[in-house]
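Peer 1: start-v1.cif (mmCIF, C-alpha atoms) pasted underneath:
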```cif
data_input
loop_
_atom_site.label_atom_id
_atom_site.label_comp_id
_atom_site.auth_asym_id
_atom_site.auth_seq_id
_atom_site.Cartn_x
_atom_site.Cartn_y
_atom_site.Cartn_z
CA MET A 942 36.45 -0.62 2.72
CA ARG A 943 34.66 0.56 -0.43
CA GLU A 944 34.54 4.26 -1.23
CA LEU A 945 31.19 5.40 -2.55
CA ASP A 946 30.45 8.90 -3.80
CA VAL A 947 27.14 10.08 -2.35
CA ARG A 948 26.25 11.57 -5.73
CA GLN A 949 25.54 8.02 -6.89
CA ILE A 950 22.95 7.74 -4.13
CA ALA A 951 21.45 11.12 -5.06
CA ASP A 952 21.13 10.16 -8.72
CA ALA A 953 19.55 6.82 -7.87
CA VAL A 954 17.01 8.46 -5.55
CA ARG A 955 16.11 11.02 -8.22
CA ASP A 956 15.48 8.35 -10.83
CA MET A 957 13.46 6.16 -8.47
CA CYS A 958 11.21 9.06 -7.39
CA ILE A 959 10.26 9.68 -10.99
CA LYS A 960 9.92 6.07 -12.14
CA ILE A 961 7.68 4.85 -9.32
CA ASN A 962 5.27 7.78 -9.53
CA TYR A 963 4.53 7.02 -13.19
CA GLU A 964 4.62 3.23 -13.17
CA LEU A 965 3.66 0.86 -10.37
CA SER A 966 5.85 -2.14 -9.59
CA GLU A 967 4.93 -5.48 -11.24
CA ASP A 968 3.49 -6.97 -8.03
CA MET A 969 1.00 -4.10 -7.65
CA GLN A 970 0.04 -4.15 -11.32
CA SER A 971 -0.71 -7.84 -11.29
CA ALA A 972 -2.57 -7.61 -7.96
CA LEU A 973 -4.89 -4.97 -9.44
CA LYS A 974 -5.39 -7.03 -12.59
CA LYS A 975 -6.22 -10.10 -10.54
CA ALA A 976 -8.64 -8.10 -8.38
CA ALA A 977 -10.52 -6.93 -11.48
CA GLU A 978 -11.03 -10.59 -12.40
CA THR A 979 -12.16 -11.78 -8.97
CA GLU A 980 -14.24 -8.80 -7.72
CA LYS A 981 -17.87 -9.91 -7.35
CA GLY A 982 -19.59 -6.50 -7.30
CA GLU A 983 -20.46 -4.84 -10.59
CA LEU A 984 -19.65 -1.30 -9.44
CA GLY A 985 -16.47 -2.62 -7.82
CA ARG A 986 -15.40 -4.19 -11.12
CA GLN A 987 -16.14 -0.93 -12.89
CA ILE A 988 -13.96 1.04 -10.44
CA LEU A 989 -11.11 -1.48 -10.76
CA GLY A 990 -11.39 -1.10 -14.54
CA ILE A 991 -11.01 2.67 -14.12
CA LEU A 992 -7.92 2.14 -11.97
CA GLU A 993 -6.34 -0.12 -14.60
CA GLN A 994 -7.13 2.44 -17.28
CA ASN A 995 -5.63 5.14 -15.06
CA LEU A 996 -2.33 3.23 -14.93
CA GLU A 997 -2.26 3.01 -18.72
CA ILE A 998 -2.98 6.73 -19.13
CA ALA A 999 -0.28 7.61 -16.59
CA ALA A 1000 2.29 5.72 -18.65
CA ASP A 1001 1.02 6.89 -22.06
CA ASP A 1002 0.51 10.58 -21.24
CA SER A 1003 3.39 10.98 -18.75
CA ILE A 1004 1.06 12.02 -15.93
CA PRO A 1005 1.67 10.76 -12.38
CA ILE A 1006 -0.66 7.91 -11.38
CA CYS A 1007 -2.01 9.97 -8.48
CA GLN A 1008 -1.70 13.69 -7.71
CA ASP A 1009 -0.52 12.81 -4.21
CA THR A 1010 2.99 11.82 -5.18
CA GLY A 1011 3.75 11.41 -1.53
CA MET A 1012 6.31 12.21 1.11
CA ALA A 1013 9.48 10.29 0.20
CA VAL A 1014 10.23 7.53 2.70
CA VAL A 1015 13.69 6.07 2.17
CA PHE A 1016 15.14 2.93 3.74
CA LEU A 1017 18.92 2.93 3.46
CA GLU A 1018 20.66 -0.33 4.30
CA VAL A 1019 24.30 0.58 4.41
CA GLY A 1020 27.01 -2.06 4.29
CA GLN A 1021 29.42 -1.58 7.18
CA ASP A 1022 32.37 -1.66 4.79
CA VAL A 1023 31.13 1.37 2.83
CA HIS A 1024 32.82 4.73 3.23
CA PHE A 1025 30.75 7.60 1.82
CA THR A 1026 32.64 10.42 0.08
CA GLY A 1027 31.64 13.70 -1.52
CA GLY A 1028 29.40 15.07 1.22
CA SER A 1029 26.68 14.09 3.65
CA ILE A 1030 24.51 11.10 2.86
CA GLU A 1031 21.43 12.86 4.21
CA ASP A 1032 21.99 15.86 1.93
CA ALA A 1033 22.49 13.50 -0.99
CA VAL A 1034 19.17 11.73 -0.42
CA ASN A 1035 17.38 15.07 -0.13
CA ASP A 1036 19.12 16.35 -3.25
CA GLY A 1037 17.84 13.28 -5.10
CA VAL A 1038 14.31 13.85 -3.82
CA ALA A 1039 14.37 17.56 -4.73
CA ARG A 1040 15.59 16.85 -8.26
CA GLY A 1041 13.24 13.92 -8.74
CA TYR A 1042 10.17 15.87 -7.65
CA THR A 1043 11.12 19.00 -9.61
CA GLU A 1044 12.40 17.44 -12.83
CA GLY A 1045 9.70 14.75 -12.74
CA TYR A 1046 6.78 17.19 -12.46
CA LEU A 1047 5.74 15.64 -9.15
CA ARG A 1048 3.74 17.42 -6.46
CA LYS A 1049 5.54 19.27 -3.68
CA SER A 1050 3.58 18.10 -0.66
CA VAL A 1051 5.93 18.79 2.25
CA VAL A 1052 5.68 21.70 4.72
CA ARG A 1053 8.72 22.84 6.73
CA ASP A 1054 6.93 22.86 10.09
CA PRO A 1055 3.83 20.88 11.09
CA LEU A 1056 2.22 24.00 12.57
CA ASP A 1057 3.34 26.97 10.48
CA ARG A 1058 2.82 24.83 7.33
CA VAL A 1059 4.96 26.65 4.78
CA ASN A 1060 5.64 24.47 1.74
CA THR A 1061 9.34 23.66 1.18
CA LYS A 1062 8.62 23.70 -2.59
CA ASP A 1063 10.89 20.76 -3.46
CA ASN A 1064 9.25 17.97 -1.42
CA THR A 1065 12.19 17.73 0.98
CA PRO A 1066 13.08 16.56 3.47
CA ALA A 1067 12.62 12.84 3.00
CA VAL A 1068 11.96 10.56 5.96
CA ILE A 1069 15.10 8.41 6.07
CA HIS A 1070 15.54 5.15 7.99
CA TYR A 1071 19.13 3.93 8.17
CA SER A 1072 20.36 0.50 9.08
CA ILE A 1073 23.87 -0.89 9.13
CA VAL A 1074 24.23 -4.31 7.50
CA PRO A 1075 27.18 -6.56 6.62
CA GLY A 1076 28.95 -6.04 3.29
CA ASP A 1077 30.07 -3.17 1.08
CA GLN A 1078 26.88 -2.30 -0.76
CA VAL A 1079 24.01 0.14 -0.18
CA ARG A 1080 20.44 -0.94 -0.70
CA ILE A 1081 17.96 1.89 -1.24
CA THR A 1082 14.22 1.29 -0.91
CA LEU A 1083 12.03 4.25 -1.81
CA ALA A 1084 8.35 4.36 -0.86
CA PRO A 1085 6.63 7.69 -1.64
CA LYS A 1086 3.68 7.71 0.78
CA GLY A 1087 0.34 9.37 0.10
CA PHE A 1088 -1.40 10.84 3.11
CA GLY A 1089 -5.04 9.97 2.45
CA SER A 1090 -4.16 6.52 3.66
CA GLU A 1091 -1.32 7.54 6.00
CA ASN A 1092 -3.86 9.54 8.00
CA MET A 1093 -5.90 6.38 8.62
CA SER A 1094 -2.96 4.44 10.09
CA LYS A 1095 -2.76 3.49 13.76
CA VAL A 1096 -0.64 2.10 16.59
CA PHE A 1097 -2.27 -0.18 19.17
CA MET A 1098 -0.58 -1.14 22.45
CA LEU A 1099 -2.35 -4.47 22.99
CA LYS A 1100 -2.02 -6.78 25.98
CA PRO A 1101 -0.24 -10.12 25.64
CA ALA A 1102 -3.57 -11.79 26.54
CA ASP A 1103 -5.17 -10.25 23.42
CA GLY A 1104 -3.10 -12.62 21.29
CA ALA A 1105 -3.63 -13.31 17.60
CA GLU A 1106 -7.35 -12.55 17.79
CA GLY A 1107 -6.59 -9.14 19.28
CA VAL A 1108 -4.19 -8.43 16.42
CA LEU A 1109 -6.82 -9.40 13.86
CA GLU A 1110 -9.44 -7.17 15.49
CA ALA A 1111 -7.02 -4.23 15.55
CA VAL A 1112 -6.08 -4.65 11.88
CA VAL A 1113 -9.62 -5.20 10.61
CA GLY A 1114 -10.92 -2.39 12.84
CA ALA A 1115 -8.39 0.09 11.43
CA VAL A 1116 -9.42 -0.76 7.86
CA ARG A 1117 -13.13 -0.56 8.76
CA GLU A 1118 -12.63 2.88 10.26
CA ALA A 1119 -10.58 4.04 7.26
CA GLY A 1120 -13.50 3.08 4.99
CA PRO A 1121 -13.53 5.07 1.76
CA ASN A 1122 -10.98 7.66 3.00
CA ALA A 1123 -7.88 5.55 2.36
CA CYS A 1124 -8.63 4.95 -1.35
CA PRO A 1125 -9.41 1.24 -1.29
CA PRO A 1126 -8.47 -1.33 -2.42
CA VAL A 1127 -5.72 -0.83 0.12
CA VAL A 1128 -2.54 -2.65 1.03
CA VAL A 1129 -2.17 -3.12 4.78
CA GLY A 1130 1.27 -3.12 6.38
CA VAL A 1131 1.29 -4.54 9.91
CA GLY A 1132 4.14 -4.49 12.41
CA ILE A 1133 3.78 -6.72 15.44
CA GLY A 1134 6.10 -6.59 18.46
CA GLY A 1135 9.11 -4.47 19.37
CA THR A 1136 8.27 -1.16 21.01
CA PHE A 1137 5.89 1.73 20.27
CA GLU A 1138 8.05 3.11 17.45
CA LYS A 1139 9.41 -0.23 16.24
CA CYS A 1140 5.98 -1.64 15.37
CA ALA A 1141 5.15 1.47 13.33
CA LEU A 1142 8.43 1.21 11.43
CA LEU A 1143 7.85 -2.51 10.79
CA ALA A 1144 4.38 -1.69 9.46
CA LYS A 1145 5.87 0.81 7.02
CA LYS A 1146 8.53 -1.68 5.97
CA ALA A 1147 5.86 -4.36 5.47
CA LEU A 1148 4.29 -2.15 2.78
CA THR A 1149 7.49 -2.41 0.74
CA ARG A 1150 7.37 -6.20 0.67
CA PRO A 1151 6.00 -7.48 -2.64
CA VAL A 1152 2.23 -7.81 -2.68
CA GLY A 1153 1.44 -11.48 -3.09
CA SER A 1154 4.35 -12.67 -0.95
CA SER A 1155 3.76 -14.28 2.46
CA SER A 1156 5.62 -14.06 5.75
CA ASP A 1157 8.21 -16.82 6.06
CA LYS A 1158 6.84 -17.62 9.53
CA PRO A 1159 3.94 -20.05 9.04
CA HIS A 1160 1.80 -18.73 11.94
CA ILE A 1161 2.21 -15.15 10.67
CA ALA A 1162 1.47 -16.18 7.08
CA ALA A 1163 -1.77 -17.75 8.36
CA LEU A 1164 -2.61 -14.53 10.22
CA GLU A 1165 -2.02 -12.48 7.05
CA LYS A 1166 -4.41 -14.73 5.17
CA GLU A 1167 -7.09 -14.56 7.85
CA ALA A 1168 -6.82 -10.76 8.15
CA LEU A 1169 -7.16 -10.35 4.37
CA ALA A 1170 -10.22 -12.62 4.29
CA ARG A 1171 -11.94 -10.71 7.12
CA ILE A 1172 -11.11 -7.32 5.56
CA ASN A 1173 -12.58 -8.39 2.24
CA GLU A 1174 -15.83 -9.32 3.98
CA LEU A 1175 -16.28 -5.70 5.17
CA ASP A 1176 -17.97 -4.73 1.87
CA ILE A 1177 -16.07 -1.44 1.69
CA GLY A 1178 -14.85 -2.33 -1.80
CA PRO A 1179 -13.08 -0.31 -4.50
CA ALA A 1180 -13.46 3.46 -3.83
CA GLY A 1181 -15.55 2.53 -0.78
CA LEU A 1182 -18.59 1.90 -2.95
CA GLY A 1183 -19.00 -1.77 -2.04
CA GLY A 1184 -17.49 -5.02 -3.22
CA THR A 1185 -15.26 -7.90 -2.28
CA THR A 1186 -11.92 -6.16 -2.91
CA THR A 1187 -11.25 -3.91 0.07
CA ALA A 1188 -7.60 -4.94 0.42
CA LEU A 1189 -5.17 -6.39 -2.10
CA ALA A 1190 -2.85 -7.74 0.58
CA VAL A 1191 -1.98 -7.77 4.27
CA ASN A 1192 1.78 -7.90 4.87
CA MET A 1193 2.94 -8.55 8.43
CA GLU A 1194 6.40 -8.19 9.96
CA THR A 1195 7.30 -9.15 13.52
CA TYR A 1196 10.01 -8.45 16.09
CA PRO A 1197 10.67 -9.77 19.61
CA THR A 1198 8.91 -7.73 22.29
CA HIS A 1199 8.65 -7.16 26.07
CA ILE A 1200 6.95 -9.65 28.43
CA ALA A 1201 4.30 -7.02 29.19
CA GLY A 1202 3.43 -5.92 25.68
CA LEU A 1203 1.97 -6.63 22.25
CA PRO A 1204 2.45 -3.49 20.13
CA VAL A 1205 0.71 -3.50 16.75
CA GLY A 1206 1.25 -0.90 14.05
CA VAL A 1207 -1.18 -0.73 11.13
CA ASN A 1208 0.05 1.32 8.19
CA ILE A 1209 -2.57 1.57 5.49
CA CYS A 1210 -1.62 2.34 1.90
CA CYS A 1211 -3.96 3.12 -0.98
CA HIS A 1212 -3.97 1.11 -4.23
CA VAL A 1213 -1.12 3.34 -5.43
CA ASN A 1214 1.31 1.50 -3.16
CA ARG A 1215 4.64 2.66 -4.55
CA HIS A 1216 7.84 0.88 -3.64
CA ILE A 1217 11.06 0.52 -5.58
CA GLN A 1218 14.48 -0.81 -4.69
CA THR A 1219 18.00 -0.65 -6.01
CA THR A 1220 21.41 -1.78 -4.80
CA ILE A 1221 24.59 0.16 -5.38
CA MET B 289 -28.57 6.01 -13.07
CA GLU B 290 -26.29 7.97 -15.43
CA LYS B 291 -26.86 11.69 -15.87
CA LYS B 292 -25.16 14.60 -17.59
CA ILE B 293 -25.13 17.89 -15.73
CA SER B 294 -24.10 21.37 -16.91
CA LEU B 295 -22.58 23.57 -14.23
CA PRO B 296 -23.32 25.77 -12.36
CA LEU B 297 -25.78 23.66 -10.41
CA THR B 298 -29.35 24.80 -9.89
CA ASP B 299 -31.68 23.81 -7.07
CA GLU B 300 -33.78 21.82 -9.58
CA MET B 301 -30.74 19.83 -10.74
CA ILE B 302 -29.72 19.12 -7.17
CA SER B 303 -33.22 17.88 -6.31
CA SER B 304 -33.07 15.50 -9.28
CA LEU B 305 -29.83 13.87 -8.13
CA HIS B 306 -29.76 11.00 -5.68
CA ALA B 307 -27.09 9.10 -3.80
CA GLY B 308 -25.70 6.44 -6.15
CA ASP B 309 -26.24 8.36 -9.41
CA MET B 310 -23.29 8.40 -11.82
CA VAL B 311 -22.96 11.97 -13.05
CA TYR B 312 -20.86 13.57 -15.80
CA LEU B 313 -20.20 17.23 -15.01
CA THR B 314 -19.48 19.87 -17.67
CA GLY B 315 -18.66 23.47 -16.75
CA THR B 316 -16.64 25.44 -14.24
CA VAL B 317 -15.39 24.08 -10.92
CA TYR B 318 -12.99 25.65 -8.43
CA SER B 319 -10.13 23.74 -6.82
CA ALA B 320 -9.50 24.33 -3.12
CA ARG B 321 -8.03 22.11 -0.42
CA ASP B 322 -6.73 22.47 3.13
CA ALA B 323 -4.68 25.67 3.00
CA ALA B 324 -7.07 27.47 0.63
CA HIS B 325 -10.03 26.63 2.87
CA LYS B 326 -8.19 27.91 5.93
CA ARG B 327 -7.38 31.16 4.15
CA MET B 328 -10.91 31.60 2.76
CA ILE B 329 -12.36 31.30 6.25
CA GLU B 330 -9.76 33.70 7.67
CA THR B 331 -10.66 36.14 4.86
CA LEU B 332 -14.31 35.97 5.83
CA GLU B 333 -13.46 36.44 9.50
CA GLU B 334 -11.61 39.62 8.57
CA GLY B 335 -14.83 40.84 6.97
CA LYS B 336 -13.45 40.58 3.42
CA GLU B 337 -14.89 38.90 0.33
CA LEU B 338 -13.91 35.48 -1.03
CA PRO B 339 -11.69 35.55 -4.13
CA PHE B 340 -14.56 34.20 -6.27
CA ASP B 341 -18.35 34.29 -6.13
CA ILE B 342 -19.09 30.96 -4.48
CA ARG B 343 -22.88 31.08 -4.93
CA PHE B 344 -24.14 27.98 -6.79
CA GLN B 345 -20.55 26.92 -7.46
CA THR B 346 -18.90 23.53 -7.11
CA VAL B 347 -15.61 23.16 -5.26
CA TYR B 348 -13.21 20.34 -6.12
CA TYR B 349 -10.93 19.21 -3.27
CA LEU B 350 -7.79 18.99 -5.35
CA GLY B 351 -4.08 19.75 -5.32
CA PRO B 352 -2.73 18.70 -8.74
CA THR B 353 0.78 17.81 -9.82
CA PRO B 354 2.45 20.47 -12.04
CA ALA B 355 1.57 20.43 -15.75
CA ARG B 356 4.23 19.65 -18.31
CA GLU B 357 4.52 21.92 -21.31
CA GLY B 358 1.47 21.34 -23.49
CA GLN B 359 -0.61 19.85 -20.70
CA VAL B 360 -3.58 21.65 -19.12
CA ILE B 361 -2.90 20.20 -15.70
CA GLY B 362 -1.00 17.30 -14.13
CA SER B 363 -2.50 14.41 -12.19
CA ALA B 364 -5.77 15.69 -10.74
CA GLY B 365 -7.71 13.30 -8.52
CA PRO B 366 -9.68 14.09 -5.36
CA THR B 367 -8.23 14.47 -1.88
CA THR B 368 -9.89 13.31 1.36
CA SER B 369 -12.87 15.59 2.03
CA SER B 370 -13.10 15.22 5.81
CA ARG B 371 -10.19 17.58 6.31
CA MET B 372 -12.38 20.35 4.86
CA ASP B 373 -15.31 19.53 7.20
CA LYS B 374 -14.39 22.20 9.73
CA TYR B 375 -14.72 24.91 7.07
CA THR B 376 -17.53 23.52 4.91
CA PRO B 377 -20.75 24.60 6.72
CA LYS B 378 -19.69 28.26 6.48
CA LEU B 379 -19.18 27.94 2.70
CA LEU B 380 -22.52 26.15 2.28
CA ASP B 381 -24.17 28.97 4.21
CA LEU B 382 -22.67 31.39 1.69
CA GLY B 383 -24.26 29.52 -1.20
CA MET B 384 -21.73 26.91 -2.32
CA LYS B 385 -23.79 24.03 -3.73
CA GLY B 386 -21.48 21.25 -4.88
CA MET B 387 -18.40 19.52 -3.52
CA ILE B 388 -16.19 16.94 -5.22
CA GLY B 389 -13.86 14.84 -3.08
CA LYS B 390 -13.57 11.39 -1.62
CA GLY B 391 -14.43 9.80 1.71
CA LYS B 392 -16.72 10.46 4.63
CA ARG B 393 -18.22 13.79 5.80
CA SER B 394 -19.05 14.87 9.34
CA PRO B 395 -22.62 14.99 10.69
CA GLU B 396 -22.28 18.80 10.83
CA VAL B 397 -21.50 18.95 7.10
CA ILE B 398 -24.38 16.64 6.26
CA SER B 399 -26.91 18.67 8.24
CA SER B 400 -25.59 21.86 6.66
CA MET B 401 -26.02 20.23 3.22
CA ILE B 402 -29.63 19.41 4.03
CA LYS B 403 -30.25 22.94 5.35
CA ASN B 404 -28.58 24.63 2.36
CA HIS B 405 -29.62 22.13 -0.33
CA GLY B 406 -26.07 21.08 -1.21
CA ILE B 407 -24.67 17.96 -2.83
CA TYR B 408 -21.49 15.91 -2.35
CA PHE B 409 -19.91 14.01 -5.20
CA ALA B 410 -17.01 11.56 -5.08
CA ALA B 411 -14.49 11.14 -7.86
CA VAL B 412 -12.43 7.95 -7.93
CA GLY B 413 -9.49 8.42 -5.58
CA GLY B 414 -6.12 7.57 -7.09
CA ALA B 415 -7.32 7.97 -10.67
CA GLY B 416 -5.66 11.36 -11.14
CA ALA B 417 -4.17 10.63 -14.56
CA LEU B 418 -7.51 9.54 -15.98
CA LEU B 419 -9.43 12.43 -14.40
CA SER B 420 -6.93 15.00 -15.72
CA ARG B 421 -8.08 14.21 -19.27
CA GLN B 422 -11.51 15.68 -18.49
CA ILE B 423 -10.06 19.02 -17.36
CA LYS B 424 -9.89 21.25 -20.42
CA LYS B 425 -8.83 24.58 -18.90
CA SER B 426 -7.19 25.55 -15.65
CA LYS B 427 -5.93 28.83 -14.27
CA VAL B 428 -4.86 29.94 -10.83
CA ILE B 429 -7.18 32.73 -9.67
CA ALA B 430 -6.09 33.17 -6.05
CA TYR B 431 -3.52 32.25 -3.40
CA GLU B 432 -0.78 31.49 -5.94
CA ASP B 433 1.78 31.39 -3.10
CA LEU B 434 0.16 28.17 -1.89
CA GLY B 435 1.52 26.29 -4.90
CA THR B 436 -0.50 23.12 -5.47
CA GLU B 437 -3.00 24.39 -2.88
CA ALA B 438 -3.86 27.57 -4.82
CA ILE B 439 -7.44 28.16 -5.99
CA ARG B 440 -7.89 27.26 -9.66
CA GLU B 441 -10.80 27.98 -11.94
CA MET B 442 -11.15 24.91 -14.13
CA TYR B 443 -13.38 23.96 -17.03
CA VAL B 444 -14.26 20.27 -16.99
CA GLU B 445 -16.01 18.18 -19.63
CA ASP B 446 -17.92 15.01 -18.78
CA PHE B 447 -16.05 14.81 -15.50
CA PRO B 448 -17.13 11.49 -13.93
CA VAL B 449 -18.40 11.57 -10.34
CA ILE B 450 -20.83 9.63 -8.17
CA VAL B 451 -23.39 11.26 -5.89
CA VAL B 452 -22.37 10.05 -2.43
CA ILE B 453 -24.52 12.33 -0.24
CA ASP B 454 -27.57 13.96 -1.79
CA SER B 455 -29.46 17.05 -0.61
CA GLU B 456 -31.76 14.92 1.54
CA GLY B 457 -28.78 13.44 3.38
CA ASN B 458 -28.91 9.97 1.80
CA ASN B 459 -25.39 8.54 2.03
CA LEU B 460 -24.00 5.96 -0.37
CA TYR B 461 -21.20 5.05 2.05
CA GLN B 462 -23.80 3.89 4.56
CA ARG B 463 -25.27 1.01 2.65
#
```
Represent the supplied structure as structure tokens.
Peer 2:
Amino acid sequence: MRELDVRQIADAVRDMCIKINYELSEDMQSALKKAAETEKGELGRQILGILEQNLEIAADDSIPICQDTGMAVVFLEVGQDVHFTGGSIEDAVNDGVARGYTEGYLRKSVVRDPLDRVNTKDNTPAVIHYSIVPGDQVRITLAPKGFGSENMSKVFMLKPADGAEGVLEAVVGAVREAGPNACPPVVVGVGIGGTFEKCALLAKKALTRPVGSSSDKPHIAALEKEALARINELDIGPAGLGGTTTALAVNMETYPTHIAGLPVGVNICCHVNRHIQTTI
Amino acid sequence: MEKKISLPLTDEMISSLHAGDMVYLTGTVYSARDAAHKRMIETLEEGKELPFDIRFQTVYYLGPTPAREGQVIGSAGPTTSSRMDKYTPKLLDLGMKGMIGKGKRSPEVISSMIKNHGIYFAAVGGAGALLSRQIKKSKVIAYEDLGTEAIREMYVEDFPVIVVIDSEGNNLYQR
């Protein structure tokens, strides 16, 4: 059993909130750079140039990359031999988010109730997903999620007979419908299988996988490739103004499912796809 | 085509702009997004006046990050315009001329734009750091309690936008 003070978690969350809103991870930076080289449309290339410049200005002037600094989504993988001390883990995560968003000059975008819509003024609470894993460490993955693209995300309850082609149509259809609203070029997280809620969670998790990596299952890796190719033929392009770069990546995650079902979650993220990880 | 425009807009300027034009705006714009729109419409329904004279003005769908000391404003890119669609025809009827946002508009908004001779610009979504450099002044003029969603009067210089829907209803997103 390892004792771990929750303040360490709070401090780590604070630091990650700030870092990732000012500087994208390496995989996203290089994906955008590569897109600027391969985009065939002139206006598309111009927009991608603006996005690259925006990243430089964010770092140089200490201004968040995007004004939508997101709702904080936190994946906590907790080793089963960890014993938390010093308070509640949930409070610690929210304390980290509150300090990160306040001290980091990030936008407070969370309302306390979906209908009365009063701002909580410190961007809490976070959305926290816990899992228990072997070992005595805690892995924290933070993904602040902007809602321009979150609003264009979908869950489809397909039939087993729809198969891989049905999955492709669902994914490409969601991106087509999102069009310019989701701030393309997008990253598409797809969860296939499980249940209604499991596929949505897998889709969210897929967005935190490095852009440029492939599924380790060959038939899923092939599906990712095919979905990306079809999406980039939609001519939505950077900022929705046309071009060959509508998505930077399609990341798919799968889970066993029921004999009667084929759930598919499609979580769309804009080009400011923020994800950062640390292990304590 | 690239054009420079001084705000406030006039009907002549609007007629000269077409879907696809790259435009650099200089002058005053007002920030307002979801909560401010809701409150403006409620204010009108109560028979009261809007907190600023909206005639010939341009509204920027924006909720910025907080400014650090010495900065005019934080990150300041456009939010998705379609969430304002429900409220927009009423504001166009009152004389609002320009809108800056990103993404699609409803058929009701587009017909109201044609009727009222309005124009819809898009700024590049997710380029909030870059766009903030073109905002030279910013002050909250109403609904301060809404935080980032308050109404701000802002002075912009060479603020880069693209005409997405012009006053004749031509739509760059429908190529």
Peer 1: Please tell me which residues are no farther than 12 Å from (9.6, 3.5, -14.8) in the file, counting only C-alpha atoms, and write them as a list in words.
Peer 2: Arg955, Asp956, Met957, Cys958, Ile959, Lys960, Ile961, Asn962, Tyr963, Glu964, Leu965, Ser966, Glu967, Leu996, Ala999, Ala1000, Asp1001, Ser1003, Pro1005, Ile1006, Gly1045, Arg1215, His1216 and Ile1217 of chain A
Peer 1: Would you mind telling me which residue in B:Pro377, B:Pro296, B:Gly365, B:Pro339 lies nearest to Val317 of chain B when using only C-alpha atoms?
Peer 2: B:Pro296
Peer 1: Taking the file above as input, evaluate the PyMOL selection byres ((chain B) within 8 of (chain A)) and report the hits as a list in words.
Peer 2: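 Checked against the file, the PyMOL selection byres ((chain B) within 8 of (chain A)) matches Gly351, Pro352, Thr353, Pro354, Ala355, Arg356, Gly362, Ser363, Ala364, Gly365, Thr367, Thr368, Lys390, Gly391, Lys392, Val412, Gly413, Gly414, Ala415, Gly416, Ala417, Leu418, Leu434, Gly435, Thr436, Leu460 and Tyr461 of chain B.
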Peer 1: In file coordinates, which residues lie within 12 Å of (-3.6, -13.5, 4.9) using only C-alpha atoms, given as number ranges by chain?
Peer 2: A: 1109, 1112-1113, 1128-1131, 1152-1156, 1159-1173, 1188-1193
Peer 1: Which is closest to Ile423 of chain B among B:Tyr408, B:Phe340, B:Tyr348, B:Tyr375, if we use all atoms listed in the file?
Peer 2: B:Tyr348
Peer 1: Find the distance between atom CA of Glu1118 of chain A and atom CA of Thr1187 of chain A and write it in Å to one decimal.
Peer 2: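 Distance between the two atoms: 12.3 Å.
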